[in-house]
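Peer 1: Please see the structure below; I have some questions.
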Amino acid sequence: MKRKLYTVLILLLAAALIFAACDNEKTGPEETPEPTETATKAPTPEPTPTPTPKPTVEPIPEDKKGFPQEDAEELFKDTFDEEDFGNYLTLQGSYMAVEDGKLIITEHWSAYSPIVDYQLGVDHSQYQISVTFSASSASTPWSSLFVGCRGPMGSVTIADKPGCFWVAFNKDAKAHVYPGGGGVYQGEQWNLKYFPIELPEGFSEAHTVTVVDCGDVIAYYMNTAEEDYYLILKITFEGEELVIHDHDGNEIWREKNMLPEEGSFLFFNHYCASQVDEIVVKGYK
């Protein structure tokens, strides 16, 4: 009887030990995960100073683009009532003189540009210059008064430099266009890099040439007996090409565009006795 009791006690003790071992196995510490890097907060960078934006203007409406605007802001005007070459940047200025309300340019070469800021889209969305002048001519088409745009800002140049658009006028009813690029012309010399276009009237009598530039369109006009603004030609840009259209909208010239996106208006007189009555520069906001 005692032996049976001892056997039962031993079995109960063994069962208790087994149960305790199993319980300890379940409640023991779980496997420790690999440590991960502790994230640290980067120092807060100093704020970047915000540049002061330049004033900008809305693009000119499509129905006004490339057309002279009578109500544009007048930025510069000279009627040559007195000699004031402080308003100009000049080359060979000794061949220019003010007499009787006109700028007299002798039959030599000289160049000049009104001092006007010309930054499209900043202060104005379109610029225009009007110059009233008469011009004689010698025996060659490059003996003319050249009216240019997209010239170097703060400087003045002549037609033997690329990257400036010119149209040359003299007494004949014909102008000569110097696109300022690298196209195929009659020869390598700058004075051969032109093509002619017909005009309704010549410049033996004074006419006004108006050049309009709004960035993606440049247009040249002149006044005639019938029209205040007769379109001489219009320039547009297609990719890397410059495209020139005539009075009727026909494409007459295409070549690689070498003009800058903006610049200054300027004039170059090349062996053509000329008289300038008035110069006006306007900007349209």
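In the structure tokens, each chain is lettered A, B, ... as it comes, each chain's residues begin at 1, and ligands are numbered from 1 in order of appearance.
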Which residues are near Gly148 in chain A? Cut-off 8 Å, only C-alpha atoms, ignore same chain within fewer than 5 positions. Put them as a count of residues only.
Peer 2: 8
Peer 1: Can you list, as a PDB file with C-alpha atoms, in the first residue's frame, every protein, DNA or RNA residue that comes within 6 Å of range 119-135 of chain A when you count only C-alpha atoms, leaving out same-chain residues fewer than 4 positions away?
Peer 2:
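Below is the file out32.pdb, written as the result:
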```
ATOM      1  CA  PRO A  55       8.991  92.856 -62.818  1.00  0.00           C
ATOM      2  CA  THR A  56       7.216  91.049 -65.600  1.00  0.00           C
ATOM      3  CA  VAL A  57       4.437  92.014 -67.943  1.00  0.00           C
ATOM      4  CA  PRO A  59       2.533  88.985 -73.290  1.00  0.00           C
ATOM      5  CA  ILE A  60       1.051  91.317 -75.848  1.00  0.00           C
ATOM      6  CA  ASN A 170      18.340 104.327-100.145  1.00  0.00           C
ATOM      7  CA  LYS A 171      16.692 106.468-102.839  1.00  0.00           C
ATOM      8  CA  PHE A 203      13.590 107.242 -99.849  1.00  0.00           C
ATOM      9  CA  SER A 204      14.715 110.193-101.933  1.00  0.00           C
ATOM     10  CA  GLU A 205      11.889 111.893-100.007  1.00  0.00           C
ATOM     11  CA  ALA A 206      11.554 111.381 -96.264  1.00  0.00           C
ATOM     12  CA  HIS A 207       9.611 108.324 -95.069  1.00  0.00           C
ATOM     13  CA  THR A 208       9.180 106.730 -91.663  1.00  0.00           C
ATOM     14  CA  VAL A 209      10.398 103.184 -91.048  1.00  0.00           C
ATOM     15  CA  THR A 210       8.929 101.482 -87.978  1.00  0.00           C
ATOM     16  CA  VAL A 211      10.421  98.290 -86.554  1.00  0.00           C
ATOM     17  CA  VAL A 212       8.388  96.231 -84.079  1.00  0.00           C
ATOM     18  CA  ASP A 213       9.816  93.439 -81.902  1.00  0.00           C
ATOM     19  CA  CYS A 214       7.759  91.318 -79.495  1.00  0.00           C
ATOM     20  CA  SER A 274      21.266 110.794 -95.272  1.00  0.00           C
ATOM     21  CA  GLN A 275      19.089 113.126 -93.232  1.00  0.00           C
ATOM     22  CA  VAL A 276      17.181 111.920 -90.168  1.00  0.00           C
ATOM     23  CA  ASP A 277      14.233 114.065 -89.045  1.00  0.00           C
ATOM     24  CA  GLU A 278      13.056 112.173 -85.972  1.00  0.00           C
ATOM     25  CA  ILE A 279      13.599 109.053 -83.893  1.00  0.00           C
ATOM     26  CA  VAL A 280      11.003 107.678 -81.457  1.00  0.00           C
ATOM     27  CA  VAL A 281      11.256 104.506 -79.334  1.00  0.00           C
ATOM     28  CA  LYS A 282       8.176 103.106 -77.586  1.00  0.00           C
ATOM     29  CA  GLY A 283       7.395 100.176 -75.323  1.00  0.00           C
ATOM     30  CA  TYR A 284       4.034  98.444 -74.961  1.00  0.00           C
ATOM     31  CA  LYS A 285       3.122  96.970 -71.554  1.00  0.00           C
TER      32      LYS A 285
END
```
Peer 1: If you measure from CA of Tyr229 in chain A to CA of Ala168 in chain A, what distance in Å do you get, rounded to one decimal?
Peer 2: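 Going from CA of Tyr229 in chain A over to CA of Ala168 in chain A covers 17.6 Å.
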Peer 1: I'd like the neighbourhood of range 173-182 of chain A as a VMD selection string, where a residue qualifies if any of its atoms comes within 6 Å (using only C-alpha atoms), though same-chain residues fewer than 2 positions away should be ignored.
Peer 2: chain A and resid 162 to 169 194 to 199 201 to 202 258
Peer 1: Might you pull out every residue within 9 Å of range 243-247 of chain A, with only C-alpha atoms counted and same-chain residues fewer than 3 positions away left off, and present them as a PyMOL selection string?
Peer 2: chain A and resi 179+197+230-238+250-257
Peer 1: If you run DSSP on the backbone, which residues of range 186-263 of chain A are strand (DSSP E or B), as a VMD selection string?
Peer 2: chain A and resid 195 to 198 207 to 213 217 to 222 230 to 238 241 to 245 251 to 256
Peer 1: For those residues, write N, CA and C atoms to a file as a tab-separated table (two decimals), in the first residue's frame.
Peer 2:
```tsv
chain	number	residue	atom	x	y	z
A	195	PHE	N	19.61	90.07	-99.57
A	195	PHE	CA	18.72	89.80	-100.70
A	195	PHE	C	17.78	90.99	-100.84
A	196	PRO	N	17.33	91.32	-102.05
A	196	PRO	CA	16.51	92.52	-102.26
A	196	PRO	C	15.02	92.24	-102.11
A	197	ILE	N	14.28	93.27	-101.73
A	197	ILE	CA	12.82	93.22	-101.75
A	197	ILE	C	12.32	94.53	-102.33
A	198	GLU	N	11.17	94.49	-102.99
A	198	GLU	CA	10.60	95.68	-103.61
A	198	GLU	C	9.86	96.52	-102.58
A	207	HIS	N	10.63	109.28	-95.49
A	207	HIS	CA	9.61	108.32	-95.07
A	207	HIS	C	9.95	107.88	-93.65
A	208	THR	N	8.97	107.26	-93.01
A	208	THR	CA	9.18	106.73	-91.66
A	208	THR	C	9.21	105.21	-91.71
A	209	VAL	N	10.29	104.64	-91.21
A	209	VAL	CA	10.40	103.18	-91.05
A	209	VAL	C	10.15	102.86	-89.59
A	210	THR	N	9.25	101.92	-89.33
A	210	THR	CA	8.93	101.48	-87.98
A	210	THR	C	9.27	100.00	-87.85
A	211	VAL	N	10.04	99.68	-86.83
A	211	VAL	CA	10.42	98.29	-86.55
A	211	VAL	C	9.77	97.88	-85.24
A	212	VAL	N	9.10	96.73	-85.25
A	212	VAL	CA	8.39	96.23	-84.08
A	212	VAL	C	8.99	94.89	-83.69
A	213	ASP	N	9.23	94.69	-82.39
A	213	ASP	CA	9.82	93.44	-81.90
A	213	ASP	C	9.08	93.02	-80.64
A	217	VAL	N	8.03	87.65	-82.96
A	217	VAL	CA	7.75	88.31	-84.23
A	217	VAL	C	8.55	89.61	-84.30
A	218	ILE	N	9.20	89.83	-85.43
A	218	ILE	CA	9.81	91.13	-85.75
A	218	ILE	C	9.20	91.58	-87.06
A	219	ALA	N	8.78	92.85	-87.15
A	219	ALA	CA	8.16	93.33	-88.38
A	219	ALA	C	8.69	94.71	-88.72
A	220	TYR	N	8.88	94.94	-90.02
A	220	TYR	CA	9.31	96.24	-90.55
A	220	TYR	C	8.17	96.86	-91.34
A	221	TYR	N	7.91	98.15	-91.09
A	221	TYR	CA	6.87	98.90	-91.79
A	221	TYR	C	7.46	100.20	-92.33
A	222	MET	N	6.77	100.79	-93.30
A	222	MET	CA	7.09	102.14	-93.75
A	222	MET	C	5.78	102.85	-94.06
A	230	TYR	N	2.76	100.41	-93.93
A	230	TYR	CA	2.82	99.40	-94.99
A	230	TYR	C	3.83	98.34	-94.55
A	231	LEU	N	3.38	97.09	-94.48
A	231	LEU	CA	4.26	96.01	-94.04
A	231	LEU	C	5.32	95.71	-95.10
A	232	ILE	N	6.57	95.87	-94.73
A	232	ILE	CA	7.68	95.54	-95.64
A	232	ILE	C	8.00	94.06	-95.55
A	233	LEU	N	8.17	93.56	-94.34
A	233	LEU	CA	8.45	92.14	-94.12
A	233	LEU	C	8.15	91.80	-92.68
A	234	LYS	N	7.98	90.50	-92.44
A	234	LYS	CA	7.75	89.99	-91.09
A	234	LYS	C	8.65	88.79	-90.86
A	235	ILE	N	9.24	88.72	-89.66
A	235	ILE	CA	10.15	87.63	-89.30
A	235	ILE	C	9.49	86.80	-88.21
A	236	THR	N	9.47	85.49	-88.38
A	236	THR	CA	9.03	84.57	-87.33
A	236	THR	C	10.15	83.55	-87.11
A	237	PHE	N	9.97	82.72	-86.09
A	237	PHE	CA	11.01	81.77	-85.72
A	237	PHE	C	10.40	80.38	-85.61
A	238	GLU	N	11.03	79.41	-86.27
A	238	GLU	CA	10.58	78.02	-86.24
A	238	GLU	C	11.74	77.15	-85.81
A	241	GLU	N	15.33	78.00	-86.84
A	241	GLU	CA	15.36	78.73	-88.09
A	241	GLU	C	14.65	80.08	-87.99
A	242	LEU	N	15.15	81.00	-88.75
A	242	LEU	CA	14.54	82.32	-88.94
A	242	LEU	C	13.82	82.29	-90.28
A	243	VAL	N	12.56	82.73	-90.28
A	243	VAL	CA	11.74	82.69	-91.49
A	243	VAL	C	11.24	84.10	-91.79
A	244	ILE	N	11.43	84.55	-93.02
A	244	ILE	CA	11.04	85.89	-93.42
A	244	ILE	C	9.88	85.80	-94.42
A	245	HIS	N	8.85	86.62	-94.18
A	245	HIS	CA	7.66	86.66	-95.03
A	245	HIS	C	7.56	88.05	-95.66
A	251	GLU	N	6.42	83.20	-97.75
A	251	GLU	CA	7.77	82.94	-97.25
A	251	GLU	C	8.78	83.26	-98.36
A	252	ILE	N	9.76	84.11	-98.04
A	252	ILE	CA	10.75	84.50	-99.06
A	252	ILE	C	12.18	84.17	-98.63
A	253	TRP	N	12.37	83.78	-97.37
A	253	TRP	CA	13.73	83.47	-96.93
A	253	TRP	C	13.67	82.61	-95.68
A	254	ARG	N	14.62	81.69	-95.58
A	254	ARG	CA	14.70	80.82	-94.40
A	254	ARG	C	16.15	80.43	-94.21
A	255	GLU	N	16.63	80.53	-93.00
A	255	GLU	CA	18.00	80.11	-92.70
A	255	GLU	C	18.16	79.92	-91.20
A	256	LYS	N	19.32	79.46	-90.79
A	256	LYS	CA	19.61	79.27	-89.37
A	256	LYS	C	19.54	80.61	-88.65
```
